[in-house]
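The file structure18.txt contains compact mmCIF, C-alpha atoms:
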# COMPACT_ATOMS: atom_id res chain seq x y z
CA MET A 1 -12.93 4.83 -20.89
CA THR A 2 -13.14 5.53 -24.65
CA HIS A 3 -10.83 7.08 -27.21
CA GLY A 4 -11.96 9.20 -30.16
CA ASN A 5 -10.86 8.45 -33.72
CA ALA A 6 -10.28 10.88 -36.56
CA ALA A 7 -13.99 11.01 -37.36
CA GLY A 8 -14.88 11.98 -33.82
CA THR A 9 -16.50 8.68 -32.88
CA SER A 10 -15.63 6.84 -29.71
CA LEU A 11 -14.06 3.40 -29.66
CA PRO A 12 -13.98 1.16 -26.61
CA SER A 13 -10.54 0.68 -25.10
CA THR A 14 -9.05 -2.80 -25.06
CA PRO A 15 -9.00 -4.18 -21.52
CA ALA A 16 -5.52 -4.90 -20.24
CA ALA A 17 -4.58 -8.55 -19.96
CA PRO A 18 -4.26 -9.75 -16.37
CA ARG A 19 -0.75 -9.98 -15.00
CA SER A 20 0.87 -13.38 -15.41
CA THR A 21 3.19 -15.32 -13.12
CA LEU A 22 5.18 -18.35 -14.26
CA VAL A 23 6.53 -20.77 -11.64
CA ILE A 24 9.09 -23.37 -12.75
CA THR A 25 9.76 -26.16 -10.25
CA ALA A 26 11.67 -29.43 -10.28
CA HIS A 27 9.23 -31.55 -8.26
CA ALA A 28 5.53 -31.75 -7.54
CA GLY A 29 5.70 -30.24 -4.05
CA ASP A 30 8.32 -27.54 -4.55
CA PHE A 31 5.96 -24.80 -5.68
CA VAL A 32 3.81 -25.21 -2.57
CA TRP A 33 6.52 -25.13 0.11
CA ARG A 34 8.62 -22.38 -1.44
CA ALA A 35 6.19 -20.13 -3.33
CA GLY A 36 2.65 -21.08 -2.30
CA GLY A 37 2.08 -17.69 -0.69
CA ALA A 38 3.23 -15.74 -3.73
CA ILE A 39 1.03 -17.90 -5.96
CA ALA A 40 -2.04 -17.46 -3.74
CA LEU A 41 -1.48 -13.69 -3.52
CA ALA A 42 -1.26 -13.34 -7.30
CA ALA A 43 -4.35 -15.50 -7.82
CA SER A 44 -6.28 -13.50 -5.21
CA ARG A 45 -5.64 -10.37 -7.29
CA GLY A 46 -7.11 -12.03 -10.36
CA GLU A 47 -3.75 -12.71 -11.96
CA LYS A 48 -2.97 -15.76 -14.06
CA VAL A 49 -0.50 -18.22 -12.50
CA THR A 50 1.04 -21.05 -14.50
CA ILE A 51 3.16 -23.72 -12.80
CA ALA A 52 5.57 -25.76 -14.94
CA CYS A 53 6.27 -28.87 -12.86
CA LEU A 54 9.17 -30.71 -14.47
CA THR A 55 8.84 -33.98 -12.50
CA TYR A 56 6.51 -35.60 -10.01
CA GLY A 57 9.31 -36.14 -7.50
CA GLU A 58 8.47 -39.81 -7.82
CA ARG A 59 11.91 -41.24 -7.05
CA GLY A 60 13.54 -38.79 -4.70
CA GLU A 61 10.70 -37.14 -2.81
CA SER A 62 8.19 -39.92 -2.25
CA ALA A 63 9.93 -42.11 0.34
CA LYS A 64 6.73 -42.83 2.28
CA ALA A 65 5.02 -44.23 -0.82
CA TRP A 66 8.00 -46.45 -1.69
CA ARG A 67 8.03 -47.86 1.84
CA GLU A 68 4.34 -48.67 1.42
CA GLY A 69 5.26 -50.83 -1.58
CA ARG A 70 3.66 -48.70 -4.29
CA SER A 71 4.79 -48.99 -7.89
CA LEU A 72 6.46 -46.19 -9.85
CA GLU A 73 3.33 -45.48 -11.86
CA GLU A 74 1.17 -45.49 -8.73
CA ILE A 75 3.50 -42.98 -7.12
CA LYS A 76 3.46 -40.73 -10.17
CA GLU A 77 -0.33 -40.80 -10.23
CA MET A 78 -0.49 -40.03 -6.50
CA ARG A 79 1.97 -37.13 -6.70
CA ARG A 80 0.21 -35.70 -9.74
CA ALA A 81 -3.13 -35.76 -7.92
CA GLU A 82 -1.58 -34.08 -4.87
CA ALA A 83 0.01 -31.35 -6.98
CA GLU A 84 -3.20 -30.73 -8.94
CA ALA A 85 -5.16 -30.37 -5.69
CA ALA A 86 -2.55 -28.01 -4.24
CA ALA A 87 -2.44 -25.87 -7.39
CA ALA A 88 -6.25 -25.65 -7.47
CA THR A 89 -6.26 -24.61 -3.81
CA LEU A 90 -3.79 -21.82 -4.58
CA GLY A 91 -5.70 -20.75 -7.69
CA ALA A 92 -3.11 -21.78 -10.28
CA GLU A 93 -2.87 -23.95 -13.38
CA VAL A 94 -0.20 -26.66 -13.37
CA VAL A 95 1.50 -28.23 -16.40
CA PHE A 96 3.39 -31.51 -15.88
CA PHE A 97 6.45 -32.42 -17.94
CA ASP A 98 7.07 -35.87 -16.41
CA ALA A 99 10.79 -35.49 -17.18
CA GLY A 100 11.97 -37.91 -14.50
CA ASP A 101 13.69 -36.97 -11.24
CA TYR A 102 16.85 -38.12 -9.47
CA PRO A 103 18.36 -37.08 -11.72
CA LEU A 104 16.52 -34.36 -13.62
CA THR A 105 18.75 -34.00 -16.66
CA ILE A 106 19.18 -30.71 -18.50
CA SER A 107 18.39 -31.17 -22.19
CA PRO A 108 17.66 -29.02 -25.26
CA GLU A 109 14.29 -30.76 -25.57
CA LEU A 110 13.16 -29.81 -22.06
CA THR A 111 14.44 -26.27 -22.48
CA ASP A 112 12.53 -25.99 -25.75
CA ARG A 113 9.33 -27.14 -24.04
CA LEU A 114 9.85 -24.43 -21.43
CA VAL A 115 10.26 -21.82 -24.16
CA ALA A 116 6.80 -22.77 -25.40
CA VAL A 117 5.40 -22.35 -21.88
CA TYR A 118 7.03 -18.92 -21.57
CA ARG A 119 5.57 -17.74 -24.83
CA ALA A 120 2.12 -19.08 -23.98
CA ALA A 121 2.13 -17.60 -20.46
CA GLN A 122 3.77 -14.25 -21.35
CA PRO A 123 4.85 -13.88 -17.71
CA ASP A 124 5.31 -10.58 -15.90
CA VAL A 125 7.14 -12.44 -13.10
CA VAL A 126 9.06 -15.74 -12.98
CA LEU A 127 9.66 -17.80 -9.82
CA THR A 128 12.11 -20.69 -9.71
CA HIS A 129 14.87 -22.41 -7.70
CA PRO A 130 18.28 -20.91 -6.93
CA LEU A 131 21.23 -22.07 -9.01
CA GLU A 132 22.97 -23.83 -6.10
CA ASP A 133 21.89 -26.84 -4.06
CA PRO A 134 24.51 -29.41 -3.01
CA TYR A 135 21.76 -31.65 -1.59
CA ASN A 136 19.54 -31.90 -4.66
CA GLY A 137 20.87 -31.46 -8.18
CA ASP A 138 17.36 -31.45 -9.64
CA HIS A 139 16.74 -27.96 -8.24
CA PRO A 140 19.65 -26.13 -9.94
CA ALA A 141 18.98 -28.12 -13.12
CA ALA A 142 15.42 -26.74 -13.18
CA ALA A 143 16.70 -23.23 -12.46
CA ARG A 144 19.29 -23.39 -15.23
CA MET A 145 16.69 -24.46 -17.78
CA ALA A 146 14.27 -21.81 -16.50
CA LEU A 147 16.83 -19.05 -17.06
CA ASP A 148 17.99 -20.40 -20.42
CA ALA A 149 14.43 -20.75 -21.69
CA ARG A 150 13.66 -17.18 -20.58
CA VAL A 151 16.46 -15.87 -22.80
CA LEU A 152 15.49 -18.05 -25.75
CA ALA A 153 11.83 -17.06 -25.47
CA GLN A 154 12.90 -13.42 -25.99
CA ALA A 155 14.77 -14.19 -29.21
CA ILE A 156 12.68 -13.49 -32.30
CA GLY A 157 14.80 -15.90 -34.31
CA TYR A 158 14.34 -18.84 -31.95
CA PRO A 159 12.14 -21.44 -33.70
CA ALA A 160 9.24 -21.80 -31.30
CA GLU A 161 5.55 -21.04 -31.60
CA GLY A 162 4.02 -17.99 -29.99
CA GLU A 163 4.95 -14.36 -29.52
CA ILE A 164 8.32 -13.47 -28.04
CA ILE A 165 8.33 -12.35 -24.41
CA GLY A 166 9.86 -9.33 -22.73
CA ALA A 167 12.35 -9.66 -19.88
CA PRO A 168 10.26 -10.63 -16.83
CA PRO A 169 12.00 -10.26 -13.47
CA VAL A 170 13.07 -13.52 -11.87
CA PHE A 171 12.82 -14.39 -8.19
CA PHE A 172 14.58 -17.40 -6.68
CA PHE A 173 12.48 -18.94 -3.91
CA GLU A 174 14.02 -20.25 -0.72
CA PRO A 175 15.64 -23.71 -0.78
CA HIS A 176 15.32 -26.24 2.02
CA GLN A 177 18.93 -25.67 3.16
CA PRO A 178 19.42 -21.93 2.46
CA GLU A 179 22.77 -21.58 4.21
CA MET A 180 24.28 -24.30 1.99
CA CYS A 181 22.81 -22.95 -1.24
CA GLY A 182 24.18 -19.41 -1.25
CA PHE A 183 20.67 -18.12 -0.55
CA LYS A 184 20.25 -14.69 1.02
CA PRO A 185 16.74 -13.37 1.78
CA GLU A 186 16.85 -10.19 -0.32
CA VAL A 187 13.05 -9.92 -0.68
CA LEU A 188 10.55 -10.70 2.07
CA LEU A 189 6.98 -11.15 0.85
CA ASP A 190 4.13 -10.72 3.33
CA ILE A 191 1.78 -13.68 2.78
CA SER A 192 -0.27 -13.26 5.98
CA GLU A 193 -3.56 -12.67 4.17
CA VAL A 194 -3.23 -15.93 2.23
CA TRP A 195 -1.45 -18.02 4.84
CA GLU A 196 -4.43 -20.28 5.50
CA THR A 197 -4.69 -20.95 1.76
CA LYS A 198 -1.02 -21.91 1.59
CA ARG A 199 -1.39 -24.17 4.61
CA LYS A 200 -4.36 -25.94 2.99
CA ALA A 201 -2.30 -26.43 -0.16
CA MET A 202 0.54 -27.87 1.92
CA GLU A 203 -1.87 -30.33 3.46
CA CYS A 204 -2.69 -31.63 -0.04
CA LEU A 205 0.84 -33.09 -0.12
CA ALA A 206 0.33 -36.15 2.05
CA ALA A 207 3.47 -37.81 0.64
CA GLN A 208 5.57 -35.15 2.40
CA ARG A 209 3.57 -34.60 5.56
CA HIS A 210 6.80 -34.22 7.55
CA LEU A 211 7.31 -30.84 5.85
CA TRP A 212 4.01 -29.26 6.90
CA ASP A 213 5.23 -27.99 10.25
CA TYR A 214 8.72 -27.22 8.97
CA TYR A 215 7.41 -24.75 6.39
CA THR A 216 4.87 -23.33 8.82
CA ASP A 217 7.69 -22.54 11.24
CA LEU A 218 9.77 -21.05 8.41
CA ALA A 219 6.91 -18.76 7.36
CA VAL A 220 6.67 -17.48 10.95
CA ARG A 221 10.44 -16.87 11.16
CA ARG A 222 10.48 -15.01 7.87
CA GLY A 223 7.47 -13.05 9.10
CA VAL A 224 9.44 -11.90 12.13
CA GLN A 225 12.24 -10.76 9.84
CA LEU A 226 9.73 -8.96 7.62
CA LYS A 227 8.40 -6.98 10.59
CA ARG A 228 11.92 -6.06 11.71
CA ASN A 229 12.69 -4.70 8.25
CA ALA A 230 9.36 -3.02 7.51
CA GLY A 231 10.08 0.28 9.24
CA PRO A 232 6.99 1.59 11.04
CA ASN A 233 4.92 -1.58 10.75
CA LEU A 234 1.58 -0.19 11.79
CA GLY A 235 -1.20 -2.53 10.87
CA LEU A 236 0.90 -5.68 10.64
CA PRO A 237 -0.67 -8.54 12.60
CA HIS A 238 1.02 -9.91 15.70
CA THR A 239 1.85 -13.08 13.79
CA THR A 240 3.04 -12.28 10.30
CA TYR A 241 3.82 -14.94 7.71
CA ALA A 242 6.33 -14.37 4.93
CA GLU A 243 8.33 -16.01 2.14
CA ALA A 244 11.89 -15.11 1.19
CA TYR A 245 13.27 -14.58 -2.32
CA MET A 246 16.51 -13.64 -4.09
CA ARG A 247 16.93 -11.70 -7.34
CA PRO A 248 19.49 -12.86 -9.93
CA TYR A 249 18.96 -9.72 -12.04
CA PRO A 250 18.90 -6.05 -11.00
CA GLN A 251 15.63 -4.43 -10.03
CA VAL A 252 14.51 -1.76 -12.48
CA THR A 253 12.76 1.18 -10.85
CA GLY A 254 12.17 4.90 -11.10
CA GLU A 255 11.90 5.32 -7.35
CA LEU A 256 13.85 3.88 -4.45
CA ALA A 257 11.45 2.38 -1.93
Just give me the structure as structure tokens.
Amino acid sequence: MTHGNAAGTSLPSTPAAPRSTLVITAHAGDFVWRAGGAIALAASRGEKVTIACLTYGERGESAKAWREGRSLEEIKEMRRAEAEAAAATLGAEVVFFDAGDYPLTISPELTDRLVAVYRAAQPDVVLTHPLEDPYNGDHPAAARMALDARVLAQAIGYPAEGEIIGAPPVFFFEPHQPEMCGFKPEVLLDISEVWETKRKAMECLAAQRHLWDYYTDLAVRRGVQLKRNAGPNLGLPHTTYAEAYMRPYPQVTGELA
């Protein structure tokens, strides 16, 4: 497609930048269990996916490695390698902050680093943790910084490099104990076509092998719910896999669907 200028000549149109998804997670495995399907779907459409991984989960989510007698640095290296392999399997780029877990402490410095990631990624969609989790304070800490950085990245007067962003919609992915975290599955995402990719990414996380079957079963249960809420579900496979999400901000739309 070309556009004419005042002199009647044709100029090539500028190709649109691919859509961008930003995923902000507390620990190295979180993005796989909770949002691996969404990441793989976006990547399969040629979209850019950036994962900001605030910690390796080295203290609180690597019990097997501690029992094996590994050192802190060995565990960090192992969890980093697992997360890099999982992200590559899903088709995403991962950025590690190494901010330290248990506890992950909210700070202006970390929030500022996230602002830089927002402005570099220019996300169309943001995925992160819900704001409640009585079992793991690292998760709401990551969510709080994700939301704060989103606001700051929009402010033209905030002193950070890069262009300001718009107001990308935010989706909270499902926590491990949804009933205790105020989580309600408001959005059900069909991930059936990329389920095998997500499962392969899960299997990159050997430090948390006990979660492989748990999150497989959850994807099947959410898939059943998706089919029950899909209206005439012609064409949906017998076994449908899904992920659940919440929305902290209103959906903006010109058509109810």
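The two atoms in question, atom CA of A:Leu189 and atom CA of A:Val252, are spaced 18.0 Å apart.
Around A:Arg247, within 7 Å and counting only C-alpha atoms, the residues found are Val170, Phe171 and Phe172 of chain A, once anything fewer than 4 positions away on its own chain is removed.
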Write out as an NGL selection string the residues lying within 7 Å of stretch 18-25 of chain A, counting all atoms listed in the file and excluding same-chain residues fewer than 2 positions away. :A and (16 or 27 or 30-31 or 47-54 or 121-129 or 142 or 146)
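Restricting the calculation to all atoms listed in the file, the smallest distance between A:Pro140 and any of A:Tyr214, A:Tyr118, A:Phe173, A:Tyr241 is found for A:Phe173.
Relative to atom CA of A:Leu104, atom CA of A:Leu72 is found at 16.0 Å.
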From the set A:Trp212, A:Tyr56, A:Tyr135, A:Trp66, which residue has the shortest atom-to-atom contact distance to A:Gly100, counting all atoms listed in the file? A:Tyr56
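Of the listed residues A:Ala65, A:Ala86, A:Val94, A:Met145, the one whose atoms come nearest to A:Leu110 is A:Met145, with distances taken using all atoms listed in the file.
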Mind checking which residues fall within 12 Å of stretch 160-164 of chain A, counting only C-alpha atoms, ignoring those fewer than 3 positions away in the same chain, and posting them as a ChimeraX atom specification? /A:109,111-123,149-157,167-168
Please produce a file of the residues just selected, as a CSV table (one decimal), in the coordinates of the input, where the atoms kept are C-alpha atoms.
chain,number,residue,atom,x,y,z
A,109,GLU,CA,14.3,-30.8,-25.6
A,111,THR,CA,14.4,-26.3,-22.5
A,112,ASP,CA,12.5,-26.0,-25.8
A,113,ARG,CA,9.3,-27.1,-24.0
A,114,LEU,CA,9.8,-24.4,-21.4
A,115,VAL,CA,10.3,-21.8,-24.2
A,116,ALA,CA,6.8,-22.8,-25.4
A,117,VAL,CA,5.4,-22.4,-21.9
A,118,TYR,CA,7.0,-18.9,-21.6
A,119,ARG,CA,5.6,-17.7,-24.8
A,120,ALA,CA,2.1,-19.1,-24.0
A,121,ALA,CA,2.1,-17.6,-20.5
A,122,GLN,CA,3.8,-14.2,-21.4
A,123,PRO,CA,4.8,-13.9,-17.7
A,149,ALA,CA,14.4,-20.8,-21.7
A,150,ARG,CA,13.7,-17.2,-20.6
A,151,VAL,CA,16.5,-15.9,-22.8
A,152,LEU,CA,15.5,-18.0,-25.8
A,153,ALA,CA,11.8,-17.1,-25.5
A,154,GLN,CA,12.9,-13.4,-26.0
A,155,ALA,CA,14.8,-14.2,-29.2
A,156,ILE,CA,12.7,-13.5,-32.3
A,157,GLY,CA,14.8,-15.9,-34.3
A,167,ALA,CA,12.4,-9.7,-19.9
A,168,PRO,CA,10.3,-10.6,-16.8
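Shortest atom-to-atom contact with A:Asn136 among A:Trp195, A:Tyr158, A:Tyr215, A:Tyr102: A:Tyr102, counting all atoms listed in the file.
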Could you name the residues that touch A:Thr197 at 9 Å or less, counting only C-alpha atoms, but leaving out those on the same chain fewer than 2 positions away, as a PyMOL selection string? chain A and resi 36-37+40+89-90+193-195+199-202
Could you write out the selected residues, including C-alpha atoms, as a PDB file, in the frame of the given file?
ATOM      1  CA  GLY A  36       2.650 -21.080  -2.300  1.00  0.00           C
ATOM      2  CA  GLY A  37       2.080 -17.690  -0.690  1.00  0.00           C
ATOM      3  CA  ALA A  40      -2.040 -17.460  -3.740  1.00  0.00           C
ATOM      4  CA  THR A  89      -6.260 -24.610  -3.810  1.00  0.00           C
ATOM      5  CA  LEU A  90      -3.790 -21.820  -4.580  1.00  0.00           C
ATOM      6  CA  GLU A 193      -3.560 -12.670   4.170  1.00  0.00           C
ATOM      7  CA  VAL A 194      -3.230 -15.930   2.230  1.00  0.00           C
ATOM      8  CA  TRP A 195      -1.450 -18.020   4.840  1.00  0.00           C
ATOM      9  CA  ARG A 199      -1.390 -24.170   4.610  1.00  0.00           C
ATOM     10  CA  LYS A 200      -4.360 -25.940   2.990  1.00  0.00           C
ATOM     11  CA  ALA A 201      -2.300 -26.430  -0.160  1.00  0.00           C
ATOM     12  CA  MET A 202       0.540 -27.870   1.920  1.00  0.00           C
TER      13      MET A 202
END
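The spacing separating atom CA of A:Ala87 from atom CA of A:Ala26 amounts to 14.8 Å.
Nearest to A:Val220 of all the residues A:Glu196, A:Glu243, A:Glu73, A:Asp148 is A:Glu243, based on all atoms listed in the file.
Of the residues listed (A:Leu147, A:Met246, A:Leu226, A:Ala207), A:Met246 shows the shortest atom-to-atom separation from A:Cys181; distances use only C-alpha atoms.
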